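Q: This is the structure, below, for whatever I ask next.
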Amino acid sequence: MERLALLTCLVLFSPGLALHPALARAAEPYAPVRFLTSGNVDLWPSFSSDGGQVLFTRGDGADATFWLVPVAGGQPRPFSSSPMPVAATRPNWSTQNNRIVFTGIANGHGQVWLIEADGSNARRVMAAGLSDAVFYPSWYPDGNMVAVMDAQDFVIKKIDLTRGFAVPLTQQAQVMTGMPSVSPDGKAIAFAGQENRGQHYDQTKNSIWLIDATGVARPLELTPAQGRAPTWSPDGRRLAFESNRASLLGLYAIFLINRDGTGLVQVTDSSLNADHPVWSPDGRRLAFSARPFSLQKGRGIAIIDLPGAYSPQPPPPSATPRNTPSDRDPR
């Protein structure tokens with residue numbers, strides 16, 4: 001038994017014997033995890049409109065750019081044949097108009113940009129009512145408007161791309177906001193946020209909020225717990241989000257929850273430190289950024305299948321985690 005324990009330790013903690021990232025799995029009973037990329041800093045995935053590829057950002061500095069990788073597996077490739085005029089981050093690929101809206105970073109400023117599905121015609125969105133600190137664009141279903149987080153005031157704004165202006169949807173006096181996600185029917189917006197009690201904004205204190213069809217903003221859960229980066233399932237019935245509520249080490253896992261705040265389940269192991277989940281257009285997969293295994297630096301793009309063939313486990317009672325590790329999203 002002692003020899004078996006020693007061998008197990010050697011396999012787990014010896015760099016030369018570590019599992020290949022492509023074979024890494026989340027701990028049962030979670031769904032098997034398949035890494036599409038590894039060995040770099042790969043962030044913010046977004047499925048193509050046909051669900052066959054994943055667009056993502058490689059790098060987290062001034063040279064960050066978009067790459068594509070097939071969902072079936074294969075070599076990633078640069079998304080555009082031409083150099084991007086800005087650091088390309090946080091893409092959102094529309095299933096309606098097949099265009100990509102993203103956050104372009106230049107000289108420390110966050111701006112809304114558009115680019116075509118073939119990697120051409122990158123251009124900045126010019127709209128009145130926006131600051132130079134705008135992040136996380138999310139498409140409305142009509143393909144003519146997007147929601148964003150304006151970090152100057154920590155509010156959600158709706159941009160009319162045709163008319164070129166933006167209007168606030170939340171009030172900073174009530175809630176300070178993070179990343180938004182527009183529902184498939186366009187009638188609701190989920191976002192990361194925290195009640196404004198006069199404190200400084202701290203993204204690690206966010207929980208999941210919802211703006212309903214009446215325009216009222218409220219926490220999604222009856223007893224709010226930490227949560228960020230919500231995204232809607234294609235049928236609008238559920239949300240995926242990241243949270244460190246299940247880890248005393250501050251590591252993140254992916255959770256699912258019904259739009260009415262019920263049915264919370266954890267679908268990845270916290271050891272992956274997974275973030276920014278996105279749904280495939282058919283709703284059968286999630287892609288996210290994660291650590292291939294705990295001893296490897298960098299982050300890769302991973303996917304899990306959600307066929308309903310396994311039973312995701314309810315998370316443990318909410319813990320009070322330590323501060324988030326340094327490989328987290330700066331927003």
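Within each chain, counting starts at residue 1; across the structure tokens, chains are named A, B, ... in the order shown, with ligands numbered 1 upward in that order.
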Excluding Leu169 in chain A and its own-chain neighbours fewer than 3 positions away, which residues fall within 7 Å of it when counting only C-alpha atoms? Please give them as a VMD selection string.

A: chain A and resid 156 to 158

Q: Would you mind listing, for every residue of range 171-252 of chain A within 7 Å of range 114-138 of chain A, the two atoms forming the shortest contact and the distance between them in Å to one decimal, using only C-alpha atoms, sorted by chain and ascending residue number, as CSV?

A:
```
residue,atom,partner,partner_atom,distance
A:Met179,CA,A:Tyr136,CA,5.7
A:Pro180,CA,A:Ser138,CA,6.7
A:Ser181,CA,A:Ser138,CA,5.5
A:Val182,CA,A:Ser138,CA,6.1
```

Q: Could you write out the selected residues, including all heavy atoms, as an mmCIF file, in the first residue's frame?

A:
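See result16.cif below for the written result:
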```cif
data_model
loop_
_atom_site.group_PDB
_atom_site.id
_atom_site.type_symbol
_atom_site.label_atom_id
_atom_site.label_comp_id
_atom_site.auth_asym_id
_atom_site.auth_seq_id
_atom_site.Cartn_x
_atom_site.Cartn_y
_atom_site.Cartn_z
ATOM 1 N N MET A 179 -19.168 41.960 -16.290
ATOM 2 C CA MET A 179 -19.499 41.467 -17.632
ATOM 3 C C MET A 179 -20.996 41.224 -17.809
ATOM 4 O O MET A 179 -21.632 40.566 -16.993
ATOM 5 C CB MET A 179 -18.727 40.166 -17.877
ATOM 6 C CG MET A 179 -19.140 39.442 -19.136
ATOM 7 S SD MET A 179 -18.275 37.870 -19.304
ATOM 8 C CE MET A 179 -19.410 36.997 -20.388
ATOM 9 N N PRO A 180 -21.607 41.717 -18.920
ATOM 10 C CA PRO A 180 -23.002 41.428 -19.226
ATOM 11 C C PRO A 180 -23.159 40.324 -20.259
ATOM 12 O O PRO A 180 -22.225 40.016 -21.017
ATOM 13 C CB PRO A 180 -23.503 42.755 -19.801
ATOM 14 C CG PRO A 180 -22.312 43.269 -20.561
ATOM 15 C CD PRO A 180 -21.085 42.791 -19.797
ATOM 16 N N SER A 181 -24.348 39.731 -20.311
ATOM 17 C CA SER A 181 -24.703 38.749 -21.345
ATOM 18 C C SER A 181 -26.186 38.907 -21.648
ATOM 19 O O SER A 181 -27.030 38.781 -20.758
ATOM 20 C CB SER A 181 -24.408 37.325 -20.864
ATOM 21 O OG SER A 181 -24.776 36.368 -21.850
ATOM 22 N N VAL A 182 -26.504 39.187 -22.914
ATOM 23 C CA VAL A 182 -27.885 39.396 -23.341
ATOM 24 C C VAL A 182 -28.535 38.044 -23.599
ATOM 25 O O VAL A 182 -27.949 37.166 -24.249
ATOM 26 C CB VAL A 182 -27.940 40.271 -24.614
ATOM 27 C CG1 VAL A 182 -29.392 40.486 -25.062
ATOM 28 C CG2 VAL A 182 -27.254 41.611 -24.367
#
```

Q: For a quick check of understanding, using only C-alpha atoms, which of A:Leu256, A:Asn107, A:Pro78, A:Asp60 has the smallest distance to Arg90 in chain A?

A: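 Under the stated criterion, the closest residue is A:Asp60.
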
Q: Please measure the separation of CA of Gln53 in chain A and CA of Pro70 in chain A, giving the value in Å to one decimal.

A: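 Separating CA of Gln53 in chain A from CA of Pro70 in chain A is a distance of 4.3 Å.
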
Q: Fewer than 4 positions away in the same chain doesn't count, so skip those; otherwise give me all residues within 9 Å of Phe288 in chain A, counting only C-alpha atoms, as a list in words.

A: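 Skipping anything fewer than 4 positions along the chain leaves Leu43, Trp44, Pro45, Ser46, Ile254, Ala274, Asp275, His276, Pro277, Val278, Gly300, Ile301, Ala302, Ile303 and Ile304 of chain A.
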
Q: Just list as a PyMOL selection string whatever in range 213-306 of chain A DSSP marks as strand (DSSP E).

A: chain A and resi 217-219+228-232+238-243+253-258+265-266+275-279+285-290+300-305
